[in-house]
file input.pdb (PDB, C-alpha atoms)
ATOM      1  CA  MET A   1     -93.967 104.050  54.259
ATOM      2  CA  ALA A   2     -93.115 105.906  51.108
ATOM      3  CA  GLY A   3     -90.696 103.141  50.092
ATOM      4  CA  ARG A   4     -93.439 100.509  50.160
ATOM      5  CA  ASN A   5     -95.855 102.712  48.221
ATOM      6  CA  ALA A   6     -93.199 103.486  45.618
ATOM      7  CA  LEU A   7     -92.512  99.762  45.214
ATOM      8  CA  VAL A   8     -96.219  98.964  44.795
ATOM      9  CA  GLU A   9     -96.587 101.733  42.189
ATOM     10  CA  MET A  10     -93.520 100.495  40.311
ATOM     11  CA  ILE A  11     -94.844  96.923  40.261
ATOM     12  CA  MET A  12     -98.280  98.089  39.101
ATOM     13  CA  ALA A  13     -96.660  99.984  36.236
ATOM     14  CA  THR A  14     -94.681  96.924  35.093
ATOM     15  CA  LYS A  15     -96.154  94.782  32.341
ATOM     16  CA  PRO A  16     -96.981  91.210  33.464
ATOM     17  CA  GLY A  17     -94.349  88.726  32.302
ATOM     18  CA  THR A  18     -91.519  91.243  32.639
ATOM     19  CA  THR A  19     -88.427  90.043  34.522
ATOM     20  CA  ILE A  20     -86.668  92.727  36.540
ATOM     21  CA  PRO A  21     -83.463  92.684  38.600
ATOM     22  CA  VAL A  22     -83.892  93.348  42.314
ATOM     23  CA  LYS A  23     -81.184  93.948  44.911
ATOM     24  CA  VAL A  24     -81.928  93.124  48.526
ATOM     25  CA  LEU A  25     -79.951  93.556  51.714
ATOM     26  CA  ARG A  26     -79.980  90.432  53.884
ATOM     27  CA  ASP A  27     -77.682  89.705  56.821
ATOM     28  CA  LYS A  28     -75.623  92.820  55.907
ATOM     29  CA  ALA A  29     -74.942  91.399  52.440
ATOM     30  CA  GLU A  30     -76.352  92.641  49.154
ATOM     31  CA  LYS A  31     -77.957  89.940  47.015
ATOM     32  CA  SER A  32     -79.222  90.195  43.438
ATOM     33  CA  LEU A  33     -82.412  88.457  42.383
ATOM     34  CA  SER A  34     -84.440  88.288  39.189
ATOM     35  CA  VAL A  35     -88.171  88.685  39.731
ATOM     36  CA  THR A  36     -90.855  88.051  37.121
ATOM     37  CA  VAL A  37     -93.960  90.193  37.568
ATOM     38  CA  GLU A  38     -97.145  88.200  37.047
ATOM     39  CA  GLU A  39    -100.776  89.240  36.876
ATOM     40  CA  LEU A  40    -102.727  88.812  40.113
ATOM     41  CA  ASN A  41    -105.521  86.260  39.760
ATOM     42  CA  LEU A  42    -108.079  87.366  42.344
ATOM     43  CA  GLU A  43    -110.144  84.169  42.020
ATOM     44  CA  THR A  44    -107.161  81.990  42.883
ATOM     45  CA  GLU A  45    -105.979  84.385  45.596
ATOM     46  CA  SER A  46    -109.328  84.362  47.407
ATOM     47  CA  GLY A  47    -109.735  80.599  47.141
ATOM     48  CA  GLY A  48    -112.317  80.642  44.384
ATOM     49  CA  GLY A  49    -114.253  83.878  44.764
ATOM     50  CA  ALA A  50    -117.991  83.472  44.251
ATOM     51  CA  SER A  51    -117.658  79.738  43.617
ATOM     52  CA  GLU A  52    -116.177  79.275  47.114
ATOM     53  CA  GLU A  53    -119.634  79.547  48.657
ATOM     54  CA  ALA A  54    -120.868  76.774  46.373
ATOM     55  CA  GLN A  55    -117.973  74.583  47.556
ATOM     56  CA  GLN A  56    -119.075  74.720  51.190
ATOM     57  CA  GLU A  57    -120.352  71.386  52.339
ATOM     58  CA  GLU A  58    -121.859  69.943  55.458
ATOM     59  CA  ALA A  59    -119.375  67.398  56.763
ATOM     60  CA  GLY A  60    -121.846  64.567  57.028
ATOM     61  CA  SER A  61    -124.482  64.221  59.658
ATOM     62  CA  GLY A  62    -123.332  63.580  63.173
ATOM     63  CA  PHE A  63    -120.566  66.178  63.490
ATOM     64  CA  GLY A  64    -122.463  69.446  63.096
ATOM     65  CA  ILE A  65    -119.850  71.288  61.036
ATOM     66  CA  THR A  66    -119.852  72.902  57.630
ATOM     67  CA  LEU A  67    -116.610  73.058  55.661
ATOM     68  CA  GLY A  68    -115.248  75.311  52.956
ATOM     69  CA  PRO A  69    -111.989  75.620  51.034
ATOM     70  CA  LEU A  70    -109.058  77.364  52.690
ATOM     71  CA  GLY A  71    -108.154  80.204  50.334
ATOM     72  CA  ALA A  72    -104.738  81.863  50.385
ATOM     73  CA  ASP A  73    -106.128  85.092  51.854
ATOM     74  CA  MET A  74    -107.884  83.287  54.707
ATOM     75  CA  ALA A  75    -104.797  81.146  55.366
ATOM     76  CA  ARG A  76    -102.743  84.341  55.807
ATOM     77  CA  ARG A  77    -105.343  85.873  58.125
ATOM     78  CA  LEU A  78    -105.396  82.721  60.259
ATOM     79  CA  ARG A  79    -101.562  82.580  60.265
ATOM     80  CA  VAL A  80    -101.553  79.084  58.784
ATOM     81  CA  PRO A  81     -97.919  78.207  57.962
ATOM     82  CA  SER A  82     -97.036  78.606  54.294
ATOM     83  CA  GLY A  83     -97.542  75.413  52.307
ATOM     84  CA  THR A  84     -99.923  73.902  54.873
ATOM     85  CA  ARG A  85    -103.025  72.376  53.328
ATOM     86  CA  GLY A  86    -106.347  72.014  55.071
ATOM     87  CA  VAL A  87    -110.075  72.713  55.088
ATOM     88  CA  LEU A  88    -111.786  75.666  56.747
ATOM     89  CA  VAL A  89    -114.550  75.112  59.307
ATOM     90  CA  THR A  90    -117.130  77.722  58.252
ATOM     91  CA  GLU A  91    -120.023  76.868  60.596
ATOM     92  CA  VAL A  92    -120.503  74.833  63.760
ATOM     93  CA  ASP A  93    -123.882  73.811  65.159
ATOM     94  CA  PRO A  94    -123.705  75.099  68.755
ATOM     95  CA  MET A  95    -125.426  71.926  70.014
ATOM     96  CA  SER A  96    -123.130  69.524  68.162
ATOM     97  CA  ALA A  97    -120.417  67.165  69.346
ATOM     98  CA  ALA A  98    -117.846  69.303  67.498
ATOM     99  CA  ALA A  99    -118.933  72.425  69.417
ATOM    100  CA  ARG A 100    -118.684  70.555  72.729
ATOM    101  CA  GLU A 101    -115.090  69.601  71.851
ATOM    102  CA  GLY A 102    -114.194  73.230  71.089
ATOM    103  CA  VAL A 103    -114.324  73.222  67.284
ATOM    104  CA  ARG A 104    -115.147  76.758  66.102
ATOM    105  CA  PRO A 105    -115.658  78.572  62.785
ATOM    106  CA  GLY A 106    -112.242  79.657  61.545
ATOM    107  CA  ASP A 107    -110.515  76.467  62.666
ATOM    108  CA  VAL A 108    -108.680  74.602  59.906
ATOM    109  CA  ILE A 109    -108.861  70.813  59.723
ATOM    110  CA  LEU A 110    -105.429  69.480  58.740
ATOM    111  CA  LYS A 111    -105.965  65.739  59.323
ATOM    112  CA  VAL A 112    -108.824  63.353  60.076
ATOM    113  CA  ASN A 113    -107.817  60.036  61.688
ATOM    114  CA  GLY A 114    -104.231  60.547  60.541
ATOM    115  CA  GLN A 115    -105.231  61.280  56.923
ATOM    116  CA  THR A 116    -104.204  64.676  55.536
ATOM    117  CA  VAL A 117    -107.182  66.557  54.076
ATOM    118  CA  GLU A 118    -106.594  69.118  51.343
ATOM    119  CA  THR A 119    -110.077  69.626  49.912
ATOM    120  CA  VAL A 120    -113.620  69.846  51.221
ATOM    121  CA  ARG A 121    -114.310  66.548  49.478
ATOM    122  CA  ASP A 122    -111.340  64.857  51.236
ATOM    123  CA  ALA A 123    -112.553  65.975  54.653
ATOM    124  CA  SER A 124    -116.201  65.165  53.995
ATOM    125  CA  GLN A 125    -115.388  61.670  52.748
ATOM    126  CA  ALA A 126    -113.135  60.976  55.736
ATOM    127  CA  LEU A 127    -115.806  62.155  58.194
ATOM    128  CA  GLN A 128    -118.675  60.378  56.426
ATOM    129  CA  ALA A 129    -116.723  57.095  56.530
ATOM    130  CA  ILE A 130    -116.881  57.142  60.337
ATOM    131  CA  LYS A 131    -119.766  55.107  61.747
ATOM    132  CA  GLN A 132    -122.236  56.574  64.213
ATOM    133  CA  GLY A 133    -120.668  56.451  67.677
ATOM    134  CA  GLY A 134    -117.177  56.325  66.144
ATOM    135  CA  ALA A 135    -114.517  58.928  66.785
ATOM    136  CA  ALA A 136    -112.921  61.427  64.445
ATOM    137  CA  ARG A 137    -109.422  62.318  65.599
ATOM    138  CA  MET A 138    -108.836  65.745  64.081
ATOM    139  CA  LEU A 139    -105.658  67.771  63.905
ATOM    140  CA  LEU A 140    -106.717  71.417  63.716
ATOM    141  CA  TRP A 141    -104.946  74.709  63.142
ATOM    142  CA  LYS A 142    -106.591  76.812  65.847
ATOM    143  CA  GLN A 143    -105.587  80.241  67.145
ATOM    144  CA  GLY A 144    -102.085  80.070  65.693
ATOM    145  CA  GLN A 145    -101.182  76.522  66.728
ATOM    146  CA  GLU A 146    -101.900  72.871  66.032
ATOM    147  CA  THR A 147    -104.517  71.349  68.333
ATOM    148  CA  PHE A 148    -105.770  67.776  68.538
ATOM    149  CA  VAL A 149    -109.448  67.033  69.236
ATOM    150  CA  VAL A 150    -111.545  63.875  69.258
ATOM    151  CA  VAL A 151    -115.168  64.265  68.167
ATOM    152  CA  THR A 152    -117.666  61.409  68.479
ATOM    153  CA  LYS A 153    -120.107  61.061  65.601
ATOM    154  CA  GLU A 154    -123.689  61.308  66.851
TER
END
call {"tool": "encode", "arguments": {"input": "input.pdb", "output": "structure tokens"}}
result
Amino acid sequence: MAGRNALVEMIMATKPGTTIPVKVLRDKAEKSLSVTVEELNLETESGGGASEEAQQEEAGSGFGITLGPLGADMARRLRVPSGTRGVLVTEVDPMSAAAREGVRPGDVILKVNGQTVETVRDASQALQAIKQGGAARMLLWKQGQETFVVVTKE
């Protein structure tokens, strides 16, 4: 892949903020684009770097899951569709109601009881609002597809 390596080297040699013309071939037609090279922010790209660990939060007693932010790198690895927001399940108590319903580390919670969750705080608040014995209807991104589970709060 010499072409890819040459492109990476060219981009690395370009000063951030520089706009360069790029020609691409798409559907047998040449198109011209202007691309502005920006500096890579590794903290943003990884979802917060070292502070990400501090953002992990137990999702309230009764569910047995721990949540963390879904960084861009993890979203790519899990094949979460671009622009989709959610919260990463980082740990699951193997004896919990969530584990019995198939929730696993690496699943992404997209909605709780119909409410979209974008941050750990959103998800935690939605789950904590459920009374003991109540149900959390969760839309998950799991193994490359959306999956619906119902977990009863113990």
call {"tool": "atom_distance", "arguments": {"input": "input.pdb", "atom1": "atom CA of Gly134 of chain A", "atom2": "atom CA of Met95 of chain A"}}
result
18.1 Å
call {"tool": "resolve_selection", "arguments": {"input": "input.pdb", "expression": "the PyMOL selection byres ((chain A and resi 106) around 6)", "output": "PyMOL selection string"}}
result
chain A and resi 89+105+107
call {"tool": "write_last_selection", "arguments": {"input": "input.pdb", "atoms": "C-alpha atoms", "output": "PDB file, in the coordinates of the input"}}
result
ATOM      1  CA  VAL A  89    -114.550  75.112  59.307  1.00  0.00           C
ATOM      2  CA  PRO A 105    -115.658  78.572  62.785  1.00  0.00           C
ATOM      3  CA  ASP A 107    -110.515  76.467  62.666  1.00  0.00           C
TER       4      ASP A 107
END
call {"tool": "residues_near_point", "arguments": {"input": "input.pdb", "point": "(-81.8, 86.3, 39.5)", "cutoff": "8 Å", "atoms": "only C-alpha atoms", "output": "number ranges by chain"}}
result
A: 21-22, 32-35
call {"tool": "resolve_selection", "arguments": {"input": "input.pdb", "expression": "the PyMOL selection byres ((chain A and resi 83) around 12)", "output": "list in words"}}
result
Leu70, Gly71, Ala72, Ala75, Arg76, Arg79, Val80, Pro81, Ser82, Thr84, Arg85, Gly86, Leu110 and Glu118 of chain A
call {"tool": "closest_residue", "arguments": {"input": "input.pdb", "among": "A:Ala29, A:Leu127, A:Met10, A:Val24", "to": "Ile65 of chain A", "atoms": "all atoms listed in the file"}}
result
A:Leu127
